[in-house]
>>> print(open('structure.csv').read())   # CSV, C-alpha atoms
chain,number,residue,atom,x,y,z
R,1,MET,CA,-11.6,5.8,35.6
R,2,TYR,CA,-12.2,2.5,37.3
R,3,GLU,CA,-14.3,1.8,40.4
R,4,ALA,CA,-13.0,-0.8,42.9
R,5,GLN,CA,-14.9,-4.0,43.5
R,6,GLU,CA,-15.3,-5.3,47.1
R,7,ASN,CA,-12.1,-7.4,46.8
R,8,GLY,CA,-10.1,-4.3,45.6
R,9,THR,CA,-9.7,-5.2,41.9
R,10,PRO,CA,-10.7,-2.4,39.5
R,11,MET,CA,-13.9,-2.7,37.6
R,12,PRO,CA,-14.4,-0.9,34.3
R,13,LYS,CA,-17.2,1.5,34.2
R,14,PRO,CA,-20.1,0.3,32.0
R,15,ARG,CA,-20.4,1.9,28.6
R,16,VAL,CA,-23.3,4.2,28.2
R,17,GLU,CA,-25.5,2.9,25.4
R,18,GLY,CA,-26.7,5.4,22.8
R,19,LYS,CA,-23.9,7.9,23.3
R,20,LYS,CA,-22.2,8.2,19.9
R,21,GLU,CA,-20.4,11.3,21.2
R,22,ASN,CA,-18.1,9.0,23.2
R,23,ILE,CA,-17.0,7.2,20.0
R,24,LEU,CA,-16.6,10.4,18.1
R,25,VAL,CA,-14.5,11.9,20.9
R,26,SER,CA,-12.3,8.8,21.0
R,27,LEU,CA,-11.9,8.9,17.2
R,28,LYS,CA,-11.1,12.6,17.3
R,29,ASN,CA,-8.5,12.1,20.1
R,30,GLY,CA,-7.0,9.1,18.3
R,31,LEU,CA,-6.6,11.0,15.0
R,32,GLY,CA,-5.2,14.0,16.9
R,33,ASP,CA,-2.5,11.7,18.5
R,34,LEU,CA,-1.8,10.2,15.1
R,35,TRP,CA,-1.4,13.6,13.5
R,36,LYS,CA,0.9,15.0,16.2
R,37,ASN,CA,3.6,12.4,15.6
R,38,PRO,CA,5.4,13.2,12.3
R,39,VAL,CA,6.4,9.6,11.7
R,40,THR,CA,2.8,8.3,11.9
R,41,ARG,CA,1.5,11.3,10.1
R,42,TYR,CA,3.7,10.9,7.0
R,43,SER,CA,3.5,7.1,7.1
R,44,SER,CA,-0.3,7.4,7.1
R,45,ILE,CA,-0.3,9.9,4.2
R,46,GLY,CA,2.1,7.7,2.2
R,47,ALA,CA,0.1,4.6,2.9
R,48,SER,CA,-3.0,6.3,1.7
R,49,PHE,CA,-1.4,7.2,-1.6
R,50,ARG,CA,0.1,3.8,-1.9
R,51,PHE,CA,-3.2,1.9,-1.3
R,52,PHE,CA,-4.9,4.2,-3.8
R,53,ALA,CA,-2.3,3.1,-6.3
R,54,MET,CA,-2.8,-0.6,-5.3
R,55,PHE,CA,-6.5,-0.3,-5.8
R,56,ALA,CA,-6.0,1.3,-9.2
R,57,CYS,CA,-3.8,-1.6,-10.2
R,58,ASP,CA,-6.0,-4.3,-8.8
R,59,TYR,CA,-9.3,-3.1,-10.2
R,60,PHE,CA,-8.5,-0.7,-13.1
R,61,LEU,CA,-5.6,-2.5,-14.8
R,62,PRO,CA,-7.4,-5.9,-15.4
R,63,ALA,CA,-10.5,-4.2,-16.6
R,64,PHE,CA,-8.5,-1.9,-18.9
R,65,PHE,CA,-6.5,-4.8,-20.4
R,66,LEU,CA,-9.6,-7.0,-21.0
R,67,MET,CA,-11.4,-4.1,-22.7
R,68,MET,CA,-8.4,-3.0,-24.7
R,69,TYR,CA,-7.2,-6.5,-25.8
R,70,PRO,CA,-10.3,-8.7,-25.9
R,71,LEU,CA,-8.5,-11.4,-28.0
R,72,HIS,CA,-5.7,-11.8,-25.4
R,73,ARG,CA,-7.9,-12.8,-22.4
R,74,LYS,CA,-6.0,-16.1,-21.6
R,75,GLN,CA,-2.6,-14.6,-22.2
R,76,PHE,CA,-3.5,-11.7,-19.9
R,77,GLY,CA,-4.6,-13.9,-17.1
R,78,ILE,CA,-1.4,-15.9,-17.2
R,79,LEU,CA,1.0,-13.0,-17.8
R,80,TYR,CA,-0.6,-10.8,-15.2
R,81,CYS,CA,-0.4,-13.6,-12.6
R,82,LEU,CA,3.3,-13.9,-13.5
R,83,CYS,CA,3.9,-10.2,-13.3
R,84,VAL,CA,2.3,-9.9,-9.8
R,85,ALA,CA,3.9,-13.1,-8.4
R,86,THR,CA,7.4,-13.0,-9.8
R,87,GLY,CA,7.9,-9.2,-10.1
R,88,GLY,CA,6.3,-8.6,-6.7
R,89,LEU,CA,8.4,-11.3,-5.1
R,90,VAL,CA,11.7,-10.2,-6.5
R,91,SER,CA,10.9,-6.5,-5.7
R,92,SER,CA,9.8,-7.3,-2.1
R,93,ILE,CA,13.0,-9.2,-1.5
R,94,THR,CA,15.1,-6.5,-3.1
R,95,GLY,CA,13.4,-3.9,-0.9
R,96,GLY,CA,14.2,-5.9,2.2
R,97,ILE,CA,17.9,-6.3,1.2
R,98,LEU,CA,18.1,-2.5,0.6
R,99,ALA,CA,16.4,-1.8,3.9
R,100,ASP,CA,18.8,-4.1,5.7
R,101,LYS,CA,21.8,-2.6,4.0
R,102,PHE,CA,21.0,1.1,4.4
R,103,GLY,CA,18.4,1.3,7.2
R,104,PRO,CA,20.6,0.8,10.2
R,105,LYS,CA,23.0,3.6,9.1
R,106,ASN,CA,20.2,6.0,8.1
R,107,PRO,CA,16.7,5.5,9.4
R,108,LYS,CA,15.3,7.7,6.7
R,109,ALA,CA,16.5,5.2,4.1
R,110,TYR,CA,13.4,3.0,4.8
R,111,SER,CA,11.0,5.8,3.6
R,112,LYS,CA,13.3,6.7,0.7
R,113,ILE,CA,13.3,3.2,-0.6
R,114,CYS,CA,9.5,3.2,-0.5
R,115,MET,CA,9.3,6.6,-2.2
R,116,TRP,CA,11.9,6.0,-4.9
R,117,GLY,CA,10.5,2.6,-5.8
R,118,SER,CA,7.0,4.0,-6.2
R,119,ALA,CA,8.3,7.0,-8.2
R,120,LEU,CA,10.4,4.9,-10.5
R,121,ALA,CA,7.5,2.5,-11.2
R,122,LEU,CA,5.1,5.3,-12.2
R,123,PRO,CA,6.4,5.7,-15.7
R,124,ALA,CA,6.2,2.0,-16.3
R,125,PHE,CA,2.6,2.0,-15.1
R,126,VAL,CA,1.7,5.0,-17.3
R,127,ALA,CA,3.4,3.3,-20.3
R,128,SER,CA,1.5,0.1,-19.6
R,129,VAL,CA,-1.9,1.8,-20.1
R,130,LEU,CA,-0.8,4.3,-22.8
R,131,VAL,CA,0.7,1.6,-25.1
R,132,THR,CA,-2.5,0.4,-26.8
R,133,ASN,CA,-1.2,-1.1,-30.0
R,134,ASN,CA,1.1,-3.8,-28.6
R,135,PHE,CA,-0.2,-6.2,-25.9
R,136,TYR,CA,3.1,-7.7,-25.1
R,137,LEU,CA,4.9,-4.4,-24.7
R,138,ALA,CA,2.1,-3.2,-22.4
R,139,MET,CA,2.5,-6.4,-20.3
R,140,ALA,CA,6.3,-5.9,-20.2
R,141,MET,CA,5.7,-2.4,-18.8
R,142,THR,CA,3.2,-3.9,-16.3
R,143,TYR,CA,5.9,-6.4,-15.2
R,144,LEU,CA,8.4,-3.6,-14.9
R,145,LYS,CA,6.0,-1.7,-12.7
R,146,TYR,CA,5.7,-4.6,-10.3
R,147,LEU,CA,9.4,-5.4,-10.4
R,148,ILE,CA,10.3,-1.8,-9.4
R,149,GLY,CA,7.3,-0.6,-7.4
R,150,GLU,CA,6.7,-3.4,-4.9
R,151,CYS,CA,9.9,-2.8,-3.0
R,152,PHE,CA,8.0,-0.8,-0.4
R,153,TRP,CA,6.7,-3.8,1.6
R,154,SER,CA,9.8,-4.7,3.6
R,155,PRO,CA,10.9,-1.2,4.5
R,156,ASN,CA,7.3,-0.2,5.3
R,157,ILE,CA,6.9,-3.1,7.7
R,158,THR,CA,10.3,-2.3,9.3
R,159,MET,CA,9.2,1.3,9.9
R,160,ILE,CA,6.0,0.2,11.5
>>> encode(input="structure.csv", output="structure tokens")
Amino acid sequence: MYEAQENGTPMPKPRVEGKKENILVSLKNGLGDLWKNPVTRYSSIGASFRFFAMFACDYFLPAFFLMMYPLHRKQFGILYCLCVATGGLVSSITGGILADKFGPKNPKAYSKICMWGSALALPAFVASVLVTNNFYLAMAMTYLKYLIGECFWSPNITMI
């Protein structure tokens, strides 16, 4: 893999320019290694779903609320900020406490905390966009979604 210099230290081979096959082979090998290990495979699948949900909340939810409740623009900005900041903070800390309590005894507890938090937050998220006649109830459901669903951060980082 390495050629020796005159003083005996290894010298890396120069990269061949214009060979995209090398990059594709490296990517293929890396993805294959990722897929072989069940922990990284399922963590990657779970993270993909979770980040899809995060993008939905970060981009769809504000646009939805501003279209649905155009007279509550200022209230939405303040309340959404409070939902994300306080609900997310409390949920993240709670997820860390649960991970510290149950994780050392059962390593699968980390992933279960992530899954259950996300699953329990789903009805609140659905309710927040299906309640279209009461702005404050919809915002309460949004707060509940963040309070329950953001507990995945601490256990997820611990698993990594």
>>> residues_around(input="structure.csv", residues="Val129 (chain R)", least_positions_apart="6", cutoff="12 Å", atoms="only C-alpha atoms", output="short mmCIF file (atom, residue, chain, number, x, y, z; two decimals) with C-alpha atoms, keeping the file's coordinate frame")
data_model
loop_
_atom_site.label_atom_id
_atom_site.label_comp_id
_atom_site.auth_asym_id
_atom_site.auth_seq_id
_atom_site.Cartn_x
_atom_site.Cartn_y
_atom_site.Cartn_z
CA ALA R 56 -6.00 1.30 -9.20
CA CYS R 57 -3.80 -1.60 -10.20
CA PHE R 60 -8.50 -0.70 -13.10
CA LEU R 61 -5.60 -2.50 -14.80
CA PRO R 62 -7.40 -5.90 -15.40
CA ALA R 63 -10.50 -4.20 -16.60
CA PHE R 64 -8.50 -1.90 -18.90
CA PHE R 65 -6.50 -4.80 -20.40
CA LEU R 66 -9.60 -7.00 -21.00
CA MET R 67 -11.40 -4.10 -22.70
CA MET R 68 -8.40 -3.00 -24.70
CA TYR R 69 -7.20 -6.50 -25.80
CA LEU R 122 5.10 5.30 -12.20
CA PRO R 123 6.40 5.70 -15.70
CA PHE R 135 -0.20 -6.20 -25.90
CA TYR R 136 3.10 -7.70 -25.10
CA LEU R 137 4.90 -4.40 -24.70
CA ALA R 138 2.10 -3.20 -22.40
CA MET R 139 2.50 -6.40 -20.30
CA ALA R 140 6.30 -5.90 -20.20
CA MET R 141 5.70 -2.40 -18.80
CA THR R 142 3.20 -3.90 -16.30
CA LYS R 145 6.00 -1.70 -12.70
#
>>> closest_residue(input="structure.csv", among="R:Phe49, R:Asp58, R:Asn156, R:Gly117", to="Cys81 (chain R)", atoms="all atoms listed in the file")
R:Asp58
>>> residues_around(input="structure.csv", residues="region 108-113 of chain R", least_positions_apart="5", cutoff="9 Å", atoms="all atoms listed in the file", output="PyMOL selection string")
chain R and resi 43+95+98-100+102-103+118+151-152+154-156+158-159
>>> atom_distance(input="structure.csv", atom1="CA of Ala47 (chain R)", atom2="CA of Glu150 (chain R)")
13.0 Å
>>> atom_distance(input="structure.csv", atom1="CA of His72 (chain R)", atom2="CA of Ala121 (chain R)")
24.1 Å
>>> closest_residue(input="structure.csv", among="R:Asn133, R:Leu31, R:Ala127, R:Gly149", to="Val90 (chain R)", atoms="only C-alpha atoms")
R:Gly149
>>> closest_residue(input="structure.csv", among="R:Leu82, R:Val126, R:Val131, R:Val39", to="Ala53 (chain R)", atoms="only C-alpha atoms")
R:Val126
>>> atom_distance(input="structure.csv", atom1="CA of Gly46 (chain R)", atom2="CA of Cys114 (chain R)")
9.1 Å
